[in-house]
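Participant: What follows is a single structure, and I will ask about it in a moment.
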Amino acid sequence: MAISTPDPRRRVKRPRNLSGKRRVQPYSRVDAPYFRSPGFYVRVGGLAVVVAVAIALLVLRAWSIQVLHGPQYAAQAHSQAFRTVDLRGPRGAIVDSHGRLLVGTTGTIVVAADPSALGSTDKHGIWHASRSGKAALERFSRMSLTPLNTLTTRIRRSVIRSPFAPAVVLPHPRHGLAVYLQERAATYPNFKIEAEPSRLYPRGALGSEFLGLLGEVTQEELATPRYANATPGEVVGQSGIEKLYDSVLNPGFLAAKLRVDSMGRIAGPLELPKNKPLPTLRLTIDSHLQRVAEKAVQDGMALARANGQHPTGGSAVAINPNTGAIYAIASQPTFNQVRAENDPNYVSHLYQDKTGPTLDRAIAGVYPTGSTFKPIIAEAALSAGIITPTTPQLCSGSFVLGGTIFHNVEAGVYSEMTLPTALAESCD
């Protein structure tokens, strides 16, 4: 059977019309005149308005995001890409009336641990050591002679205060231990030797009684108005000038930045903030006169002991009577502020010492007013016209006022005295 195929080169012509007279017209289900009707243009115009409104809303929204809320979203993006690390900042200096440095700032060596490498934090925010981290802590505990619970507690407190900050596990390491860790950094990768700001006392224990102590802020102090802006773990003044002017001297924690990825993992080095100039507090104290006053009180107490007396303390104050400026203020017994800065155990013993070394007897001691109050009473009597400098008064062994008997120092003196004689003879 033979099959013929059409020649592809052969052109086939279609008829122009079916009947020979009528042409073929395209078929549409929509009436052609509708596209030129008013209803068609109304619908197209309405659609155009809707599209224009939608585009306008998108443009306005983009403008709002980029311009109006741009800084807000930029801050959110920055907060997601960085974490804040609180670092202890240096305190301002304290100088005497001549600009001589009384208290400055230096650095002290500490041992810090990496909490993220030694463990993790649970959903309650409590840090727990991993198996390898616990083994590293036990090894470090044996080497540093520090209980494992102490190291764990210090890390947990640090994580609560600042999750990404290095946790100080040894605030005052022995020199030999610090050198050993520095030489074997690869053996102990999770423990590093770092420097923290600390107080410098170039004149030793001079002025300890009025300069005061430093310490970590307590929960009770955080509830007081004085430390309302403090942060848990912050070192603040606990007494003396350090406490009175803590808002001036204390910069608080320094907010360093640490870059993290989308999973919160560390992705960059620690970025330290720019150093701001610290204020310097100038006192009316003269450091040379202060040293003389302290020596005078010590010598006076030693002389009293040599004479068979038993003084429990002494104080001295040098004041400018015209301005009220205090040039020297000494109190004995006192404490050593240098030891207090470097030995936490020494500070705890100070408050248990029955001799009261933390008490500034010059301003907080309770003593009889004695002869220093006599000129004040004499001035009041002269100003009121009750007496004159030559008015005689009886200096007896005692005086009754309001049912209370006041005794004279010299009980055997019974004589008429004028004001100059009474002051010279110390008649009470």
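Chain labels A, B, ... are given in the sequence in which chains occur in the structure tokens; within each chain residues are numbered consecutively from 1, and ligands are likewise numbered from 1 in the order shown.
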As a tab-separated table (two decimals) with C-alpha atoms, in the first residue's frame, please: every residue in stretch 154-349 of chain A that a backbone DSSP assignment puts in helix (DSSP H, G or I).
Facilitator:
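out-v6.tsv written:
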chain	number	residue	atom	x	y	z
A	154	ARG	CA	30.93	34.23	91.32
A	155	ILE	CA	30.25	33.16	87.72
A	156	ARG	CA	26.49	32.99	88.32
A	157	ARG	CA	26.43	36.45	89.88
A	158	SER	CA	28.43	37.83	86.97
A	159	VAL	CA	26.11	36.24	84.39
A	160	ILE	CA	23.04	37.71	86.08
A	161	ARG	CA	24.63	41.17	86.11
A	175	HIS	CA	51.45	36.87	92.04
A	176	GLY	CA	52.80	33.39	91.40
A	177	LEU	CA	49.40	32.14	90.23
A	178	ALA	CA	48.96	35.09	87.86
A	179	VAL	CA	52.38	34.47	86.29
A	180	TYR	CA	51.67	30.73	86.02
A	181	LEU	CA	48.39	31.35	84.13
A	182	GLN	CA	50.03	33.86	81.81
A	183	GLU	CA	52.76	31.40	80.90
A	208	SER	CA	41.78	56.98	105.78
A	209	GLU	CA	39.33	58.20	108.41
A	210	PHE	CA	37.79	60.89	106.15
A	211	LEU	CA	38.50	59.47	102.66
A	219	GLN	CA	20.47	45.31	98.01
A	220	GLU	CA	19.59	47.57	100.95
A	221	GLU	CA	21.61	50.42	99.44
A	222	LEU	CA	19.94	49.98	96.04
A	225	PRO	CA	17.68	57.40	97.00
A	226	ARG	CA	21.47	57.84	97.16
A	227	TYR	CA	22.06	54.71	95.07
A	240	GLY	CA	33.71	59.19	104.13
A	241	ILE	CA	34.36	61.33	101.07
A	242	GLU	CA	33.99	58.30	98.79
A	243	LYS	CA	30.39	57.91	99.93
A	244	LEU	CA	29.47	61.60	100.24
A	246	ASP	CA	30.00	59.05	95.08
A	247	SER	CA	27.75	60.62	92.43
A	248	VAL	CA	30.69	62.82	91.36
A	249	LEU	CA	33.52	60.30	91.57
A	287	SER	CA	48.04	66.83	103.36
A	288	HIS	CA	51.14	68.10	105.22
A	289	LEU	CA	49.05	69.46	108.09
A	290	GLN	CA	46.98	66.26	108.04
A	291	ARG	CA	50.09	64.18	108.62
A	292	VAL	CA	51.11	66.45	111.52
A	293	ALA	CA	47.65	66.19	113.09
A	294	GLU	CA	47.62	62.39	112.90
A	295	LYS	CA	51.08	62.21	114.43
A	296	ALA	CA	50.02	64.60	117.22
A	297	VAL	CA	47.02	62.45	118.16
A	298	GLN	CA	49.15	59.30	118.19
A	299	ASP	CA	51.81	60.98	120.34
A	300	GLY	CA	49.14	62.32	122.72
A	301	MET	CA	47.64	58.88	123.23
A	302	ALA	CA	51.10	57.37	123.75
A	303	LEU	CA	51.89	60.04	126.36
A	304	ALA	CA	48.60	59.33	128.16
A	305	ARG	CA	49.45	55.63	128.32
A	306	ALA	CA	52.89	56.45	129.65
A	337	GLN	CA	42.86	52.05	103.32
A	338	VAL	CA	45.62	50.42	101.25
A	339	ARG	CA	45.00	47.06	102.92
A	340	ALA	CA	41.25	47.58	102.63
A	341	GLU	CA	41.60	47.96	98.84
A	342	ASN	CA	43.69	44.82	98.40
A	344	PRO	CA	38.58	41.83	101.36
A	345	ASN	CA	39.08	39.84	104.58
A	346	TYR	CA	40.65	42.89	106.20
A	347	VAL	CA	37.51	44.93	105.53
A	348	SER	CA	35.23	42.33	107.13
A	349	HIS	CA	37.41	42.31	110.24
Participant: Using DSSP assignments from the backbone, pull out every residue in stretch 211-351 of chain A that falls under strand (DSSP E) and give it to me as JSON, numbers by chain.
Facilitator: {"A": [214, 215, 216, 235, 236, 237, 253, 254, 255, 256, 257, 258, 259, 260, 266, 267, 268, 269, 270, 271, 280, 281, 282, 314, 315, 316, 317, 318, 319, 326, 327, 328, 329, 330, 331, 332]}
Participant: Which residues come within 8 Å of A:Ala318, counting only C-alpha atoms, excluding same-chain residues fewer than 2 positions away, as a list in words?
Facilitator: Ala316, Asn320, Ile326, Tyr327, Ala328 and Ile329 of chain A
Participant: Write a file of the just-selected residues containing N, CA, C and O atoms, as a JSON list (two decimals), in the first residue's frame.
Facilitator:
[["chain", "number", "residue", "atom", "x", "y", "z"],
["A", 316, "ALA", "N", 41.46, 65.07, 116.30],
["A", 316, "ALA", "CA", 41.90, 66.45, 116.17],
["A", 316, "ALA", "C", 41.33, 67.03, 114.88],
["A", 316, "ALA", "O", 41.24, 66.33, 113.87],
["A", 320, "ASN", "N", 39.60, 76.58, 109.60],
["A", 320, "ASN", "CA", 39.74, 78.01, 109.37],
["A", 320, "ASN", "C", 38.51, 78.70, 109.95],
["A", 320, "ASN", "O", 37.40, 78.51, 109.47],
["A", 326, "ILE", "N", 38.09, 72.96, 106.47],
["A", 326, "ILE", "CA", 38.79, 72.00, 107.32],
["A", 326, "ILE", "C", 40.13, 71.69, 106.68],
["A", 326, "ILE", "O", 40.22, 71.19, 105.57],
["A", 327, "TYR", "N", 41.19, 72.00, 107.43],
["A", 327, "TYR", "CA", 42.54, 71.78, 106.94],
["A", 327, "TYR", "C", 43.08, 70.40, 107.31],
["A", 327, "TYR", "O", 43.93, 69.85, 106.61],
["A", 328, "ALA", "N", 42.62, 69.85, 108.42],
["A", 328, "ALA", "CA", 43.07, 68.53, 108.87],
["A", 328, "ALA", "C", 42.00, 67.94, 109.76],
["A", 328, "ALA", "O", 41.32, 68.67, 110.50],
["A", 329, "ILE", "N", 41.83, 66.63, 109.68],
["A", 329, "ILE", "CA", 40.87, 65.94, 110.53],
["A", 329, "ILE", "C", 41.43, 64.55, 110.79],
["A", 329, "ILE", "O", 41.54, 63.72, 109.88]]
Participant: Would you compute the distance between atom CA of A:Ala330 and atom CA of A:Leu278? Give it in Å to one decimal.
Facilitator: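 Atom-to-atom, atom CA of A:Ala330 to atom CA of A:Leu278, that is 28.0 Å.
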Participant: To one decimal place in Å, what is the distance between atom CA of A:Pro163 and atom CA of A:Pro115?
Facilitator: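 A separation of 8.2 Å between them.
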Participant: Once you count only C-alpha atoms, what closest atom pair and distance in Å to one decimal does each residue of stretch 144-199 of chain A within 6 Å of stretch 105-108 of chain A have, with rows by chain and rising residue number, as JSON lines?
Facilitator:
{"residue": "A:Ala195", "atom": "CA", "partner": "A:Thr108", "partner_atom": "CA", "distance": 5.3}
{"residue": "A:Glu196", "atom": "CA", "partner": "A:Gly107", "partner_atom": "CA", "distance": 5.3}
{"residue": "A:Pro197", "atom": "CA", "partner": "A:Gly107", "partner_atom": "CA", "distance": 4.5}
{"residue": "A:Ser198", "atom": "CA", "partner": "A:Thr106", "partner_atom": "CA", "distance": 5.3}
{"residue": "A:Arg199", "atom": "CA", "partner": "A:Thr105", "partner_atom": "CA", "distance": 4.7}
Participant: Give me the residues within 12 Å of A:Glu138 as a short mmCIF file (atom, residue, chain, number, x, y, z; two decimals) with N, CA, C and O atoms, in the first residue's frame, counting only C-alpha atoms and dropping any in the same chain fewer than 2 places off.
Facilitator:
data_model
loop_
_atom_site.label_atom_id
_atom_site.label_comp_id
_atom_site.auth_asym_id
_atom_site.auth_seq_id
_atom_site.Cartn_x
_atom_site.Cartn_y
_atom_site.Cartn_z
N LEU A 118 32.38 27.67 79.60
CA LEU A 118 32.35 26.73 80.72
C LEU A 118 30.97 26.17 80.99
O LEU A 118 30.84 25.22 81.76
N ALA A 129 27.35 24.86 84.89
CA ALA A 129 28.57 24.41 84.22
C ALA A 129 28.30 23.14 83.43
O ALA A 129 27.53 22.26 83.86
N SER A 130 28.92 23.04 82.28
CA SER A 130 28.84 21.82 81.49
C SER A 130 29.79 20.77 82.08
O SER A 130 30.51 21.04 83.05
N ARG A 131 29.79 19.57 81.50
CA ARG A 131 30.65 18.53 82.03
C ARG A 131 32.13 18.92 81.89
O ARG A 131 32.90 18.80 82.85
N SER A 132 32.49 19.41 80.71
CA SER A 132 33.88 19.84 80.52
C SER A 132 34.19 21.09 81.33
O SER A 132 35.30 21.26 81.85
N GLY A 133 33.19 21.99 81.44
CA GLY A 133 33.40 23.20 82.23
C GLY A 133 33.59 22.91 83.70
O GLY A 133 34.42 23.53 84.38
N LYS A 134 32.82 21.94 84.22
CA LYS A 134 32.98 21.57 85.63
C LYS A 134 34.35 20.97 85.87
O LYS A 134 34.98 21.24 86.91
N ALA A 135 34.82 20.16 84.93
CA ALA A 135 36.16 19.58 85.08
C ALA A 135 37.23 20.67 85.08
O ALA A 135 38.19 20.61 85.86
N ALA A 136 37.05 21.70 84.22
CA ALA A 136 38.02 22.80 84.18
C ALA A 136 37.97 23.60 85.47
O ALA A 136 39.01 24.03 86.00
N PHE A 140 40.96 24.17 88.20
CA PHE A 140 41.38 25.51 88.61
C PHE A 140 41.18 25.70 90.10
O PHE A 140 41.97 26.40 90.75
N SER A 141 40.15 25.08 90.68
CA SER A 141 39.90 25.19 92.12
C SER A 141 41.05 24.60 92.91
O SER A 141 41.50 25.18 93.92
N ARG A 142 41.54 23.44 92.48
CA ARG A 142 42.67 22.82 93.19
C ARG A 142 43.94 23.66 93.05
O ARG A 142 44.72 23.78 94.00
N MET A 143 44.12 24.26 91.88
CA MET A 143 45.33 25.03 91.66
C MET A 143 45.31 26.35 92.43
O MET A 143 46.34 26.79 92.97
N SER A 144 44.16 27.00 92.50
CA SER A 144 44.06 28.31 93.15
C SER A 144 43.68 28.23 94.62
O SER A 144 43.59 29.28 95.29
N LEU A 145 43.42 27.00 95.12
CA LEU A 145 43.01 26.81 96.52
C LEU A 145 41.74 27.60 96.84
O LEU A 145 41.58 28.17 97.92
N THR A 146 40.82 27.60 95.87
CA THR A 146 39.54 28.28 96.02
C THR A 146 38.43 27.25 95.91
O THR A 146 38.44 26.44 94.97
N PRO A 147 37.46 27.23 96.84
CA PRO A 147 36.38 26.23 96.76
C PRO A 147 35.62 26.32 95.43
O PRO A 147 35.41 27.41 94.89
N LEU A 148 35.20 25.16 94.93
CA LEU A 148 34.47 25.11 93.67
C LEU A 148 33.16 25.89 93.76
O LEU A 148 32.76 26.57 92.80
N ASN A 149 32.47 25.83 94.91
CA ASN A 149 31.21 26.55 95.07
C ASN A 149 31.43 28.06 94.98
O ASN A 149 30.57 28.79 94.45
N THR A 150 32.55 28.53 95.48
CA THR A 150 32.85 29.96 95.39
C THR A 150 33.03 30.40 93.95
O THR A 150 32.51 31.44 93.53
N LEU A 151 33.75 29.60 93.17
CA LEU A 151 33.95 29.94 91.76
C LEU A 151 32.62 29.93 91.01
O LEU A 151 32.33 30.83 90.21
N THR A 152 31.78 28.91 91.27
CA THR A 152 30.49 28.81 90.59
C THR A 152 29.58 29.97 90.96
O THR A 152 28.91 30.55 90.10
#
Participant: Got a sec: who's within 12 Å of A:Phe399, counting only C-alpha atoms, leaving out chain neighbours fewer than 2 positions off, as number ranges by chain?
Facilitator: A: 394-397, 401-409, 411, 414, 427-428
Participant: Do you know which residues are at most 8 Å from A:Val110 counting only C-alpha atoms, after dropping those on the same chain fewer than 2 positions away, and could you put them as a PyMOL selection string?
Facilitator: chain A and resi 108+112+168-173+193-196
Participant: What does the structure give for the distance between atom CA of A:Phe82 and atom CA of A:Arg259, in Å to one decimal?
Facilitator: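 Going from atom CA of A:Phe82 over to atom CA of A:Arg259 covers 4.4 Å.
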Participant: Tell me which protein, DNA and RNA residues are within 6 Å of A:Ala93, counting only C-alpha atoms, leaving out same-chain ones fewer than 4 positions away, and put them as a VMD selection string.
Facilitator: chain A and resid 103 to 104 280
